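A short write-up of the structure that comes next.
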Amino acid sequence: MSSASVDARDETELGVAVLTHGPLNVEHIVASVADDGAGATAVFIGTTRNSFKGKVVTKLEYQAYSKLAIKTIADIIADAHASFTPLTPHTHAQSSQRLIRIAVHHRLGTVPVGEPSIVIAVSSPHRKESFVACEMVLEEVKKKVQIWKREYYEGEREDDAEWKANA
Amino acid sequence: MSSASVDARDETELGVAVLTHGPLNVEHIVASVADDGAGATAVFIGTTRNSFKGKVVTKLEYQAYSKLAIKTIADIIADAHASFTPLTPHTHAQSSQRLIRIAVHHRLGTVPVGEPSIVIAVSSPHRKESFVACEMVLEEVKKKVQIWKREYYEGEREDDAEWKANA
Amino acid sequence: MSANTEITVLYFAGASTATGLTSERVRLPSSDPLPLSSLSELLVSLHPNNGLEDILRTCQWSVEAEMVEDTEGVMLKGGEEVAVIPPVSGG
Amino acid sequence: MSANTEITVLYFAGASTATGLTSERVRLPSSDPLPLSSLSELLVSLHPNNGLEDILRTCQWSVEAEMVEDTEGVMLKGGEEVAVIPPVSGG
């Protein structure tokens with residue numbers, strides 16, 4: 001495996017970005033965005049599915065340009081917060097239109113069938129923003145983050161395993 | 001507390017509805033919708049917020065007409081599945097437009113600040129359906145399920161605590 | 001008096017606070033079936049001057065753990081579990 | 001030969017499979033800065049007939065862990081870490 005595809009972490013007040021070769025713990029990730037001002041937390045868990053277009057998937061492998069991927073995720077987190085912050089936040093009602101914390105954890109290396117490869121958690125005072133931001137962050141990650149997936153199918157040679165593309 | 005506001009559970013192949021006076025465990029609830037055919041699980045966690053319109057919330061209390069609430073949740077789960085099942089599911093591509101399992105857990109009794117009062121988890125082969133269904137189920141629960149919330153504020157007499165309404 | 005000329009009324013949320021009860025055995029006024037639409041008046045007469053009348057204006061009803069859309073078309077014969085359903089606030 | 005007339009090229013996904021490498025020290029052709037837009041040609045000349053040329057057509061580039069939009073405007077002087085960025089598939 002690539003020496004550039006290593007564990008990495010970036011944490012700010014806005015949230016945390018993590019790349020790890022270890023399993024993802026949903027409980028822990030959710031706890032990392034907990035806040036007594038939050039009424040809502042939306043979570044997305046992407047797992048390795050057992051099939052793709054009729055073929056049996058045996059495993060997925062992920063690699064990353066970790067140094068750049070972590071920066072890209074940090075930018076996505078900052079952009080999500082910015083898109084929910086009013087330009088003139090001078091009333092109390094407006095301050096509720098915001099996000100509290102965002103966590104993005106992505107797994108590297110082999111991810112067996114049924115296990116999570118990505119977990120995103122977004123906390124906010126109200127529910128609508130948490131859903132919208134969670135989906136937004138996921139789409140941005142799939143579009144921009146320098147992580148690559150190789151999908152292995154039953155009955156096919158490992159050397160022929162396909163590198164996927166999200167677009 | 002009302003003797004009609006008791007723990008209850010209804011489980012089918014489509015999913016599970018739970019009312020409980022105990023804490024909600026997100027890990028456990030997510031595991032209950034796990035499936036090797038699922039690529040996506042969307043989760044919503046509603047927690048007791050520490051404030052409401054400038055007032056400090058000390059706790060929430062929930063009661064339910066459990067017998068009816070559990071039936072209403074079961075109907076919501078069935079409706080969500082139905083709305084994602086094609087009328088003529090004869091191609092493989094179409095069968096991916098579906099949900100796998102839905103879990104709805106709602107807490108009863110006292111829910112302290114920062115703790116979950118509701119957890120909804122929806123698994124599906126693909127991400128879009130999981131997000132849409134999770135939000136749909138939450139809105140239906142808030143609109144129809146026979147559960148009531150009393151909000152207690154700092155500095156106010158408990159006898160004056162307000163019964164809320166979602167609409 | 002047979003048990004079957006009584007119903008059980010369940011009170012929740014504001015209805016429970018107003019009456020100070022979570023449930024109540026209520027005797028039907030006669031052996032004739034009572035329209036569900038007449039139950040509000042009966043309950044208010046049992047609980048005067050405590051805000052129940054205002055609360056019932058915003059409530060729905062369930063009979064035998066089934067929500068009722070048309071209260072005119074439901075007749076209570078005795079033995080039923082009837083719930084006063086205030087506006088919900090779960091989730 | 002000073003280390004500064006070499007760059008480090010990182011290969012990922014299909015680019016890594018094609019070259020059989022995850023990284024490579026590449027000497028710049030001269031002491032003049034090399035436009036990033038010319039690096040494809042150089043890499044293909046180092047790895048002929050293995051599909052790299054086709055792969056590079058769909059790839060973007062990063063220099064010093066920054067994505068590059070305009071490859072014409074970036075000059076490589078030596079010492080940089082340059083990554084071939086195939087279409088991503090995380091999430």
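Labels for the structure tokens follow display order: chains A, B, ..., residues from 1 in each chain, ligands from 1.
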
- Task: Return the neighbours of chain A among the residues of chain B, cut-off 9 Å, counting only C-alpha atoms, as a VMD selection string.
- Result: chain B and resid 25 to 27 30 34 to 51 53 to 54 92 to 93 113 to 116 125 to 128 130 to 131 135

Filtering to N, CA, C and O atoms, could you give me those residues as a compact mmCIF listing (two decimals), in the first residue's frame?
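Produced file part18.txt, reproduced below:
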# COMPACT_ATOMS: atom_id res chain seq x y z
N ASN B 25 -29.69 3.48 22.78
CA ASN B 25 -28.32 3.14 22.40
C ASN B 25 -28.18 3.18 20.88
O ASN B 25 -28.70 2.31 20.18
N VAL B 26 -27.48 4.19 20.38
CA VAL B 26 -27.38 4.40 18.93
C VAL B 26 -26.71 3.21 18.22
O VAL B 26 -27.17 2.75 17.18
N GLU B 27 -25.63 2.71 18.83
CA GLU B 27 -24.90 1.57 18.23
C GLU B 27 -25.84 0.39 17.99
O GLU B 27 -25.87 -0.22 16.93
N VAL B 30 -28.51 1.11 15.28
CA VAL B 30 -27.92 1.01 13.94
C VAL B 30 -27.69 -0.45 13.57
O VAL B 30 -27.98 -0.89 12.45
N ALA B 34 -28.77 -3.30 10.22
CA ALA B 34 -27.63 -3.70 9.38
C ALA B 34 -28.03 -4.85 8.45
O ALA B 34 -28.82 -5.72 8.81
N ASP B 35 -27.44 -4.82 7.25
CA ASP B 35 -27.71 -5.84 6.25
C ASP B 35 -26.58 -5.79 5.24
O ASP B 35 -26.15 -4.71 4.84
N ASP B 36 -26.09 -6.98 4.83
CA ASP B 36 -24.97 -6.99 3.89
C ASP B 36 -25.31 -6.41 2.53
O ASP B 36 -24.43 -6.07 1.75
N GLY B 37 -26.60 -6.27 2.25
CA GLY B 37 -27.03 -5.63 1.01
C GLY B 37 -27.15 -4.12 1.11
O GLY B 37 -27.44 -3.44 0.14
N ALA B 38 -26.92 -3.58 2.31
CA ALA B 38 -27.05 -2.13 2.52
C ALA B 38 -25.72 -1.44 2.27
O ALA B 38 -24.71 -1.82 2.83
N GLY B 39 -25.75 -0.42 1.43
CA GLY B 39 -24.59 0.44 1.25
C GLY B 39 -24.72 1.71 2.06
O GLY B 39 -23.76 2.45 2.24
N ALA B 40 -25.94 1.98 2.56
CA ALA B 40 -26.21 3.27 3.20
C ALA B 40 -27.14 3.11 4.39
O ALA B 40 -28.13 2.38 4.32
N THR B 41 -26.81 3.80 5.48
CA THR B 41 -27.72 3.90 6.61
C THR B 41 -27.77 5.36 7.04
O THR B 41 -26.72 5.95 7.35
N ALA B 42 -28.96 5.95 7.02
CA ALA B 42 -29.14 7.31 7.53
C ALA B 42 -29.74 7.22 8.92
O ALA B 42 -30.62 6.38 9.17
N VAL B 43 -29.24 8.04 9.82
CA VAL B 43 -29.67 8.01 11.22
C VAL B 43 -30.03 9.42 11.66
O VAL B 43 -29.32 10.37 11.33
N PHE B 44 -31.12 9.55 12.40
CA PHE B 44 -31.45 10.81 13.03
C PHE B 44 -31.53 10.60 14.54
O PHE B 44 -32.16 9.66 15.00
N ILE B 45 -30.89 11.51 15.26
CA ILE B 45 -30.91 11.47 16.72
C ILE B 45 -31.46 12.81 17.22
O ILE B 45 -30.84 13.85 16.99
N GLY B 46 -32.61 12.77 17.88
CA GLY B 46 -33.16 13.97 18.48
C GLY B 46 -32.82 14.00 19.95
O GLY B 46 -33.10 13.04 20.68
N THR B 47 -32.18 15.10 20.40
CA THR B 47 -31.76 15.18 21.80
C THR B 47 -32.42 16.35 22.51
O THR B 47 -32.90 17.29 21.88
N THR B 48 -32.43 16.27 23.84
CA THR B 48 -32.97 17.37 24.65
C THR B 48 -31.98 18.53 24.62
O THR B 48 -30.86 18.41 25.11
N ARG B 49 -32.44 19.63 24.06
CA ARG B 49 -31.64 20.85 23.95
C ARG B 49 -31.70 21.63 25.25
O ARG B 49 -32.70 21.60 25.95
N ASN B 50 -30.62 22.38 25.55
CA ASN B 50 -30.57 23.08 26.84
C ASN B 50 -31.31 24.42 26.84
O ASN B 50 -31.36 25.10 27.87
N SER B 51 -31.88 24.82 25.69
CA SER B 51 -32.59 26.09 25.69
C SER B 51 -33.74 26.08 24.69
O SER B 51 -33.74 25.31 23.73
N LYS B 53 -36.01 29.28 22.97
CA LYS B 53 -36.33 30.70 22.85
C LYS B 53 -35.83 31.50 24.06
O LYS B 53 -36.58 32.23 24.70
N GLY B 54 -34.57 31.32 24.37
CA GLY B 54 -33.93 32.11 25.42
C GLY B 54 -34.10 31.56 26.82
O GLY B 54 -33.42 32.00 27.75
N HIS B 92 -33.48 -5.33 -12.14
CA HIS B 92 -32.55 -5.29 -11.02
C HIS B 92 -32.27 -3.85 -10.59
O HIS B 92 -32.19 -3.55 -9.41
N ALA B 93 -32.18 -2.96 -11.58
CA ALA B 93 -31.92 -1.55 -11.26
C ALA B 93 -33.05 -0.99 -10.40
O ALA B 93 -32.82 -0.21 -9.48
N VAL B 113 -31.11 16.87 29.68
CA VAL B 113 -30.45 17.64 28.62
C VAL B 113 -29.26 16.85 28.07
O VAL B 113 -28.50 16.24 28.81
N GLY B 114 -29.17 16.84 26.73
CA GLY B 114 -28.05 16.16 26.06
C GLY B 114 -28.29 14.71 25.71
O GLY B 114 -27.50 14.12 24.97
N GLU B 115 -29.39 14.12 26.22
CA GLU B 115 -29.65 12.71 25.94
C GLU B 115 -30.67 12.55 24.82
O GLU B 115 -31.53 13.40 24.62
N PRO B 116 -30.59 11.43 24.05
CA PRO B 116 -31.52 11.23 22.94
C PRO B 116 -32.92 10.88 23.39
O PRO B 116 -33.11 10.04 24.27
N PRO B 125 -29.94 0.03 -0.04
CA PRO B 125 -28.75 -0.20 -0.89
C PRO B 125 -28.01 1.08 -1.21
O PRO B 125 -26.78 1.11 -1.22
N HIS B 126 -28.76 2.18 -1.45
CA HIS B 126 -28.13 3.44 -1.88
C HIS B 126 -28.49 4.60 -0.98
O HIS B 126 -29.51 4.57 -0.31
N ARG B 127 -27.65 5.65 -1.02
CA ARG B 127 -27.73 6.70 -0.02
C ARG B 127 -28.96 7.60 -0.13
O ARG B 127 -29.52 8.00 0.88
N LYS B 128 -29.38 7.96 -1.34
CA LYS B 128 -30.44 8.94 -1.49
C LYS B 128 -31.71 8.49 -0.77
O LYS B 128 -32.33 9.26 -0.03
N SER B 130 -32.03 6.44 1.68
CA SER B 130 -31.90 6.40 3.14
C SER B 130 -32.12 7.78 3.74
O SER B 130 -32.82 7.92 4.75
N PHE B 131 -31.55 8.81 3.13
CA PHE B 131 -31.75 10.18 3.63
C PHE B 131 -33.23 10.59 3.53
O PHE B 131 -33.81 11.11 4.49
N GLU B 135 -35.77 11.26 6.87
CA GLU B 135 -36.42 12.53 7.13
C GLU B 135 -37.94 12.39 7.07
O GLU B 135 -38.67 12.95 7.89

Please write out chain C, superposed on chain D by least squares over all C-alpha atoms matched in order, as a compact mmCIF listing (two decimals) with C-alpha atoms, in the first residue's frame.
# COMPACT_ATOMS: atom_id res chain seq x y z
CA MET C 1 23.23 16.22 -9.20
CA SER C 2 21.50 18.27 -6.50
CA ALA C 3 18.38 16.77 -4.90
CA ASN C 4 16.59 19.94 -5.93
CA THR C 5 16.42 19.02 -9.62
CA GLU C 6 14.26 16.04 -8.74
CA ILE C 7 10.59 15.90 -7.83
CA THR C 8 8.61 13.22 -6.04
CA VAL C 9 5.66 11.89 -8.01
CA LEU C 10 2.91 10.09 -6.09
CA TYR C 11 0.73 7.55 -7.90
CA PHE C 12 -2.69 6.44 -6.69
CA ALA C 13 -5.44 4.05 -7.85
CA GLY C 14 -5.24 3.29 -11.58
CA ALA C 15 -2.07 5.32 -12.01
CA SER C 16 -0.39 3.23 -9.33
CA THR C 17 -1.64 -0.01 -10.89
CA ALA C 18 -0.39 1.04 -14.33
CA THR C 19 3.11 2.00 -13.16
CA GLY C 20 3.40 -0.63 -10.45
CA LEU C 21 4.58 2.23 -8.20
CA THR C 22 3.16 4.32 -5.38
CA SER C 23 5.85 6.93 -5.67
CA GLU C 24 8.77 7.81 -7.91
CA ARG C 25 11.73 10.20 -7.80
CA VAL C 26 11.79 11.93 -11.20
CA ARG C 27 14.67 14.04 -12.46
CA LEU C 28 13.71 17.22 -14.29
CA PRO C 29 15.03 17.32 -17.89
CA SER C 30 17.00 20.52 -17.39
CA SER C 31 17.77 23.17 -14.81
CA ASP C 32 15.00 25.31 -16.30
CA PRO C 33 11.65 25.08 -14.50
CA LEU C 34 9.33 22.53 -16.07
CA PRO C 35 5.67 23.47 -16.70
CA LEU C 36 3.38 21.06 -14.89
CA SER C 37 1.55 20.69 -18.21
CA SER C 38 4.66 18.95 -19.59
CA LEU C 39 4.90 16.38 -16.81
CA SER C 40 2.45 13.93 -18.44
CA GLU C 41 4.73 13.55 -21.44
CA LEU C 42 7.76 13.03 -19.22
CA LEU C 43 6.03 10.38 -17.09
CA VAL C 44 4.71 8.53 -20.14
CA SER C 45 8.24 8.45 -21.57
CA LEU C 46 9.38 6.84 -18.32
CA HIS C 47 6.49 4.33 -18.40
CA PRO C 48 5.75 3.49 -22.03
CA ASN C 49 3.06 1.08 -23.18
CA ASN C 50 1.38 0.40 -19.85
CA GLY C 51 -1.80 2.45 -20.11
CA LEU C 52 -0.50 5.42 -18.14
CA GLU C 53 -1.09 7.79 -21.05
CA ASP C 54 -4.82 7.01 -21.13
CA ILE C 55 -5.08 7.27 -17.36
CA LEU C 56 -3.34 10.66 -17.23
CA ARG C 57 -5.98 12.02 -19.61
CA THR C 58 -8.60 11.69 -16.86
CA CYS C 59 -6.39 12.82 -13.99
CA GLN C 60 -5.88 16.07 -12.17
CA TRP C 61 -2.69 17.13 -10.39
CA SER C 62 -1.65 18.40 -7.03
CA VAL C 63 1.58 20.16 -6.12
CA GLU C 64 2.72 20.34 -2.49
CA ALA C 65 -0.67 18.96 -1.40
CA GLU C 66 -2.65 21.67 -3.21
CA MET C 67 -4.97 20.86 -6.11
CA VAL C 68 -3.92 22.62 -9.34
CA GLU C 69 -6.54 24.04 -11.70
CA ASP C 70 -4.21 25.58 -14.29
CA THR C 71 -1.33 23.25 -15.13
CA GLU C 72 0.09 25.77 -17.65
CA GLY C 73 0.71 28.31 -14.93
CA VAL C 74 2.58 26.01 -12.53
CA MET C 75 6.33 25.60 -12.93
CA LEU C 76 8.24 22.77 -11.27
CA LYS C 77 11.65 23.86 -10.04
CA GLY C 78 12.68 20.70 -8.21
CA GLY C 79 11.95 19.44 -4.71
CA GLU C 80 8.18 19.44 -5.07
CA GLU C 81 5.80 16.62 -4.18
CA VAL C 82 3.53 16.17 -7.20
CA ALA C 83 0.57 13.78 -7.13
CA VAL C 84 -1.34 12.25 -10.01
CA ILE C 85 -4.98 12.50 -8.91
CA PRO C 86 -7.30 10.04 -10.71
CA PRO C 87 -11.10 10.47 -10.50
CA VAL C 88 -11.96 10.06 -6.81
CA SER C 89 -14.20 7.32 -5.38
CA GLY C 90 -14.33 7.84 -1.62
CA GLY C 91 -17.45 7.89 0.54

Note to self: Would you mind listing, as a ChimeraX atom specification, all residues of chain A that have at least one atom within 8 Å of chain D, where only C-alpha atoms are what counts?
What the structure shows: /A:1-4,46,62-65,67-68,106,117-118,138,141-150,163-167

Given the selection you just returned, output its residues as a file containing N, CA and C atoms, formatted as a compact mmCIF listing (two decimals), in the first residue's frame.
# COMPACT_ATOMS: atom_id res chain seq x y z
N MET A 1 0.83 -1.21 0.00
CA MET A 1 0.00 0.00 0.00
C MET A 1 0.86 1.26 0.00
N SER A 2 0.30 2.32 -0.53
CA SER A 2 0.99 3.59 -0.66
C SER A 2 1.38 4.17 0.70
N SER A 3 2.61 4.69 0.78
CA SER A 3 3.05 5.32 2.02
C SER A 3 2.41 6.69 2.22
N ALA A 4 1.73 7.19 1.17
CA ALA A 4 1.00 8.45 1.30
C ALA A 4 -0.40 8.22 1.86
N GLY A 46 -21.84 4.86 5.48
CA GLY A 46 -21.68 4.12 4.22
C GLY A 46 -20.97 2.81 4.50
N TYR A 62 -9.63 0.84 0.21
CA TYR A 62 -9.54 2.28 0.04
C TYR A 62 -8.10 2.74 0.25
N GLN A 63 -7.67 3.66 -0.61
CA GLN A 63 -6.42 4.35 -0.34
C GLN A 63 -6.65 5.85 -0.50
N ALA A 64 -5.79 6.64 0.10
CA ALA A 64 -5.96 8.09 0.09
C ALA A 64 -4.63 8.78 -0.09
N TYR A 65 -4.67 9.97 -0.62
CA TYR A 65 -3.55 10.90 -0.51
C TYR A 65 -3.87 11.66 0.78
N LYS A 67 -2.55 13.40 3.19
CA LYS A 67 -2.17 14.79 3.49
C LYS A 67 -3.13 15.78 2.82
N LEU A 68 -3.49 15.49 1.58
CA LEU A 68 -4.38 16.39 0.84
C LEU A 68 -5.85 16.11 1.16
N HIS A 106 -13.31 8.54 7.63
CA HIS A 106 -13.24 7.65 6.47
C HIS A 106 -12.21 6.56 6.74
N SER A 117 -17.38 2.20 5.82
CA SER A 117 -16.21 2.85 5.23
C SER A 117 -16.22 4.34 5.52
N ILE A 118 -17.41 4.92 5.72
CA ILE A 118 -17.50 6.34 6.05
C ILE A 118 -18.61 6.58 7.05
N LEU A 138 -21.60 14.71 2.56
CA LEU A 138 -21.35 13.43 1.89
C LEU A 138 -21.13 13.62 0.40
N VAL A 141 -17.77 15.17 -0.22
CA VAL A 141 -16.70 14.19 0.00
C VAL A 141 -16.58 13.28 -1.22
N LYS A 142 -17.70 12.79 -1.72
CA LYS A 142 -17.68 11.88 -2.86
C LYS A 142 -17.16 12.57 -4.13
N LYS A 143 -17.33 13.87 -4.19
CA LYS A 143 -16.96 14.61 -5.38
C LYS A 143 -15.49 15.05 -5.36
N LYS A 144 -14.99 15.38 -4.17
CA LYS A 144 -13.70 16.08 -4.11
C LYS A 144 -12.56 15.39 -3.35
N VAL A 145 -12.90 14.53 -2.39
CA VAL A 145 -11.84 14.08 -1.49
C VAL A 145 -10.96 13.02 -2.16
N GLN A 146 -9.64 13.18 -2.01
CA GLN A 146 -8.66 12.36 -2.71
C GLN A 146 -8.53 10.99 -2.05
N ILE A 147 -9.62 10.21 -2.20
CA ILE A 147 -9.67 8.83 -1.72
C ILE A 147 -10.15 7.96 -2.87
N TRP A 148 -9.55 6.76 -3.00
CA TRP A 148 -9.91 5.88 -4.09
C TRP A 148 -10.31 4.50 -3.57
N LYS A 149 -11.31 3.93 -4.25
CA LYS A 149 -11.89 2.65 -3.86
C LYS A 149 -11.63 1.60 -4.93
N ARG A 150 -11.16 0.42 -4.47
CA ARG A 150 -11.01 -0.70 -5.39
C ARG A 150 -11.99 -1.79 -4.96
N TRP A 163 -10.72 -0.17 -10.12
CA TRP A 163 -10.72 1.10 -9.40
C TRP A 163 -11.99 1.86 -9.81
N LYS A 164 -12.76 2.27 -8.83
CA LYS A 164 -14.03 2.94 -9.13
C LYS A 164 -13.83 4.44 -9.30
N ALA A 165 -14.86 5.08 -9.84
CA ALA A 165 -14.89 6.55 -9.92
C ALA A 165 -16.30 6.99 -9.56
N ASN A 166 -16.42 8.01 -8.73
CA ASN A 166 -17.74 8.46 -8.28
C ASN A 166 -18.51 9.21 -9.37
N ALA A 167 -17.82 9.84 -10.30
CA ALA A 167 -18.51 10.65 -11.32
C ALA A 167 -18.73 9.86 -12.60

Per-residue DSSP, chain B, filtered to alpha helix (DSSP H), as an MDAnalysis selection string
chainID B and resid 26:31 66:83 92:95 127:144

Here atom CA of A:Gly15 and atom CA of A:Ser83 stand apart by 14.9 Å

inquiry  = Could you go through stretch 3-69 of chain D and tell me which residues DSSP, when run on the backbone, assigns to strand (DSSP E or B), listing them as a ChimeraX atom specification?
reply    = /D:6-10,23-27,34-35,60-63,67-68

With all heavy atoms kept, could you save the residues just selected as a short mmCIF file (atom, residue, chain, number, x, y, z; two decimals), in the first residue's frame?
data_model
loop_
_atom_site.label_atom_id
_atom_site.label_comp_id
_atom_site.auth_asym_id
_atom_site.auth_seq_id
_atom_site.Cartn_x
_atom_site.Cartn_y
_atom_site.Cartn_z
N GLU D 6 15.17 17.17 -8.70
CA GLU D 6 14.26 16.02 -8.74
C GLU D 6 12.95 16.40 -8.07
O GLU D 6 12.92 17.25 -7.17
CB GLU D 6 14.87 14.81 -8.02
CG GLU D 6 16.06 14.20 -8.74
CD GLU D 6 16.49 12.88 -8.10
OE1 GLU D 6 16.11 12.63 -6.93
OE2 GLU D 6 17.19 12.12 -8.77
N ILE D 7 11.90 15.77 -8.51
CA ILE D 7 10.60 15.91 -7.83
C ILE D 7 10.17 14.52 -7.37
O ILE D 7 10.69 13.50 -7.85
CB ILE D 7 9.52 16.53 -8.75
CG1 ILE D 7 9.28 15.62 -9.97
CG2 ILE D 7 9.90 17.94 -9.16
CD1 ILE D 7 8.11 16.05 -10.85
N THR D 8 9.24 14.50 -6.45
CA THR D 8 8.62 13.23 -6.04
C THR D 8 7.24 13.15 -6.67
O THR D 8 6.43 14.06 -6.46
CB THR D 8 8.49 13.14 -4.51
OG1 THR D 8 9.79 13.24 -3.92
CG2 THR D 8 7.84 11.82 -4.09
N VAL D 9 7.01 12.10 -7.44
CA VAL D 9 5.68 11.91 -8.02
C VAL D 9 4.96 10.80 -7.26
O VAL D 9 5.52 9.71 -7.07
CB VAL D 9 5.78 11.54 -9.51
CG1 VAL D 9 4.37 11.31 -10.09
CG2 VAL D 9 6.49 12.64 -10.29
N LEU D 10 3.76 11.08 -6.78
CA LEU D 10 2.93 10.09 -6.09
C LEU D 10 1.89 9.54 -7.05
O LEU D 10 1.25 10.31 -7.78
CB LEU D 10 2.23 10.72 -4.89
CG LEU D 10 3.14 11.33 -3.81
CD1 LEU D 10 2.28 11.92 -2.69
CD2 LEU D 10 4.10 10.30 -3.26
N SER D 23 5.19 5.67 -5.56
CA SER D 23 5.88 6.95 -5.69
C SER D 23 7.15 6.76 -6.52
O SER D 23 7.63 5.64 -6.69
CB SER D 23 6.23 7.54 -4.32
OG SER D 23 7.25 6.80 -3.70
N GLU D 24 7.63 7.87 -7.02
CA GLU D 24 8.79 7.82 -7.91
C GLU D 24 9.56 9.14 -7.83
O GLU D 24 8.95 10.20 -7.85
CB GLU D 24 8.31 7.59 -9.36
CG GLU D 24 9.42 7.50 -10.38
CD GLU D 24 8.88 7.16 -11.79
OE1 GLU D 24 7.75 7.57 -12.11
OE2 GLU D 24 9.62 6.49 -12.53
N ARG D 25 10.93 9.04 -7.71
CA ARG D 25 11.75 10.23 -7.80
C ARG D 25 12.00 10.48 -9.28
O ARG D 25 12.49 9.59 -9.97
CB ARG D 25 13.07 10.01 -7.06
CG ARG D 25 12.91 9.67 -5.60
CD ARG D 25 12.70 10.89 -4.75
NE ARG D 25 13.97 11.58 -4.51
CZ ARG D 25 14.04 12.92 -4.37
NH1 ARG D 25 12.96 13.67 -4.43
NH2 ARG D 25 15.21 13.49 -4.15
N VAL D 26 11.63 11.63 -9.77
CA VAL D 26 11.77 11.94 -11.19
C VAL D 26 12.70 13.13 -11.36
O VAL D 26 12.50 14.19 -10.75
CB VAL D 26 10.39 12.24 -11.82
CG1 VAL D 26 10.54 12.74 -13.25
CG2 VAL D 26 9.49 11.01 -11.75
N ARG D 27 13.73 12.94 -12.19
CA ARG D 27 14.68 14.01 -12.45
C ARG D 27 14.09 14.93 -13.50
O ARG D 27 13.57 14.48 -14.53
CB ARG D 27 16.00 13.42 -12.94
CG ARG D 27 17.11 14.43 -13.12
CD ARG D 27 18.38 13.77 -13.57
NE ARG D 27 18.79 12.71 -12.62
CZ ARG D 27 19.80 11.87 -12.88
NH1 ARG D 27 20.45 11.92 -14.03
NH2 ARG D 27 20.13 10.95 -12.00
N LEU D 34 10.14 23.31 -15.15
CA LEU D 34 9.33 22.53 -16.07
C LEU D 34 7.86 22.86 -15.84
O LEU D 34 7.37 22.77 -14.70
CB LEU D 34 9.55 21.03 -15.82
CG LEU D 34 8.70 20.07 -16.65
CD1 LEU D 34 9.25 19.97 -18.07
CD2 LEU D 34 8.62 18.70 -16.01
N PRO D 35 7.12 23.26 -16.88
CA PRO D 35 5.68 23.48 -16.69
C PRO D 35 5.01 22.17 -16.27
O PRO D 35 5.32 21.10 -16.82
CB PRO D 35 5.18 23.91 -18.07
CG PRO D 35 6.40 24.22 -18.87
CD PRO D 35 7.53 23.45 -18.28
N GLN D 60 -6.29 14.72 -12.54
CA GLN D 60 -5.88 16.06 -12.16
C GLN D 60 -4.52 15.95 -11.48
O GLN D 60 -3.96 14.87 -11.38
CB GLN D 60 -6.89 16.66 -11.19
CG GLN D 60 -8.27 16.89 -11.79
CD GLN D 60 -9.22 17.46 -10.79
OE1 GLN D 60 -9.84 16.73 -10.02
NE2 GLN D 60 -9.35 18.77 -10.78
N TRP D 61 -4.00 17.09 -11.03
CA TRP D 61 -2.69 17.14 -10.40
C TRP D 61 -2.73 17.92 -9.11
O TRP D 61 -3.54 18.82 -8.94
CB TRP D 61 -1.68 17.82 -11.34
CG TRP D 61 -1.51 17.15 -12.65
CD1 TRP D 61 -2.27 17.35 -13.77
CD2 TRP D 61 -0.55 16.15 -12.99
NE1 TRP D 61 -1.82 16.55 -14.80
CE2 TRP D 61 -0.76 15.80 -14.35
CE3 TRP D 61 0.49 15.53 -12.29
CZ2 TRP D 61 0.01 14.84 -15.01
CZ3 TRP D 61 1.27 14.58 -12.96
CH2 TRP D 61 1.02 14.24 -14.29
N SER D 62 -1.87 17.53 -8.18
CA SER D 62 -1.65 18.40 -7.04
C SER D 62 -0.15 18.64 -6.91
O SER D 62 0.66 17.78 -7.28
CB SER D 62 -2.19 17.78 -5.74
OG SER D 62 -1.32 16.78 -5.26
N VAL D 63 0.20 19.84 -6.42
CA VAL D 63 1.60 20.18 -6.14
C VAL D 63 1.68 20.65 -4.70
O VAL D 63 0.91 21.54 -4.30
CB VAL D 63 2.12 21.29 -7.09
CG1 VAL D 63 3.55 21.67 -6.74
CG2 VAL D 63 2.04 20.82 -8.54
N MET D 67 -4.44 21.20 -4.80
CA MET D 67 -4.96 20.88 -6.12
C MET D 67 -4.61 22.02 -7.08
O MET D 67 -4.66 23.19 -6.72
CB MET D 67 -6.48 20.68 -6.09
CG MET D 67 -6.91 19.45 -5.33
SD MET D 67 -6.26 17.88 -5.99
CE MET D 67 -7.09 17.80 -7.57
N VAL D 68 -4.30 21.64 -8.32
CA VAL D 68 -3.93 22.64 -9.34
C VAL D 68 -5.03 22.68 -10.41
O VAL D 68 -5.40 21.65 -10.96
CB VAL D 68 -2.58 22.26 -10.00
CG1 VAL D 68 -2.32 23.16 -11.19
CG2 VAL D 68 -1.46 22.32 -8.98
#

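One finds atom CA of B:Val111 at 14.5 Å from atom CA of B:Ala161.
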
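Put simply, atom CA of B:Ala17 is 8.6 Å away from atom CA of B:Lys71.
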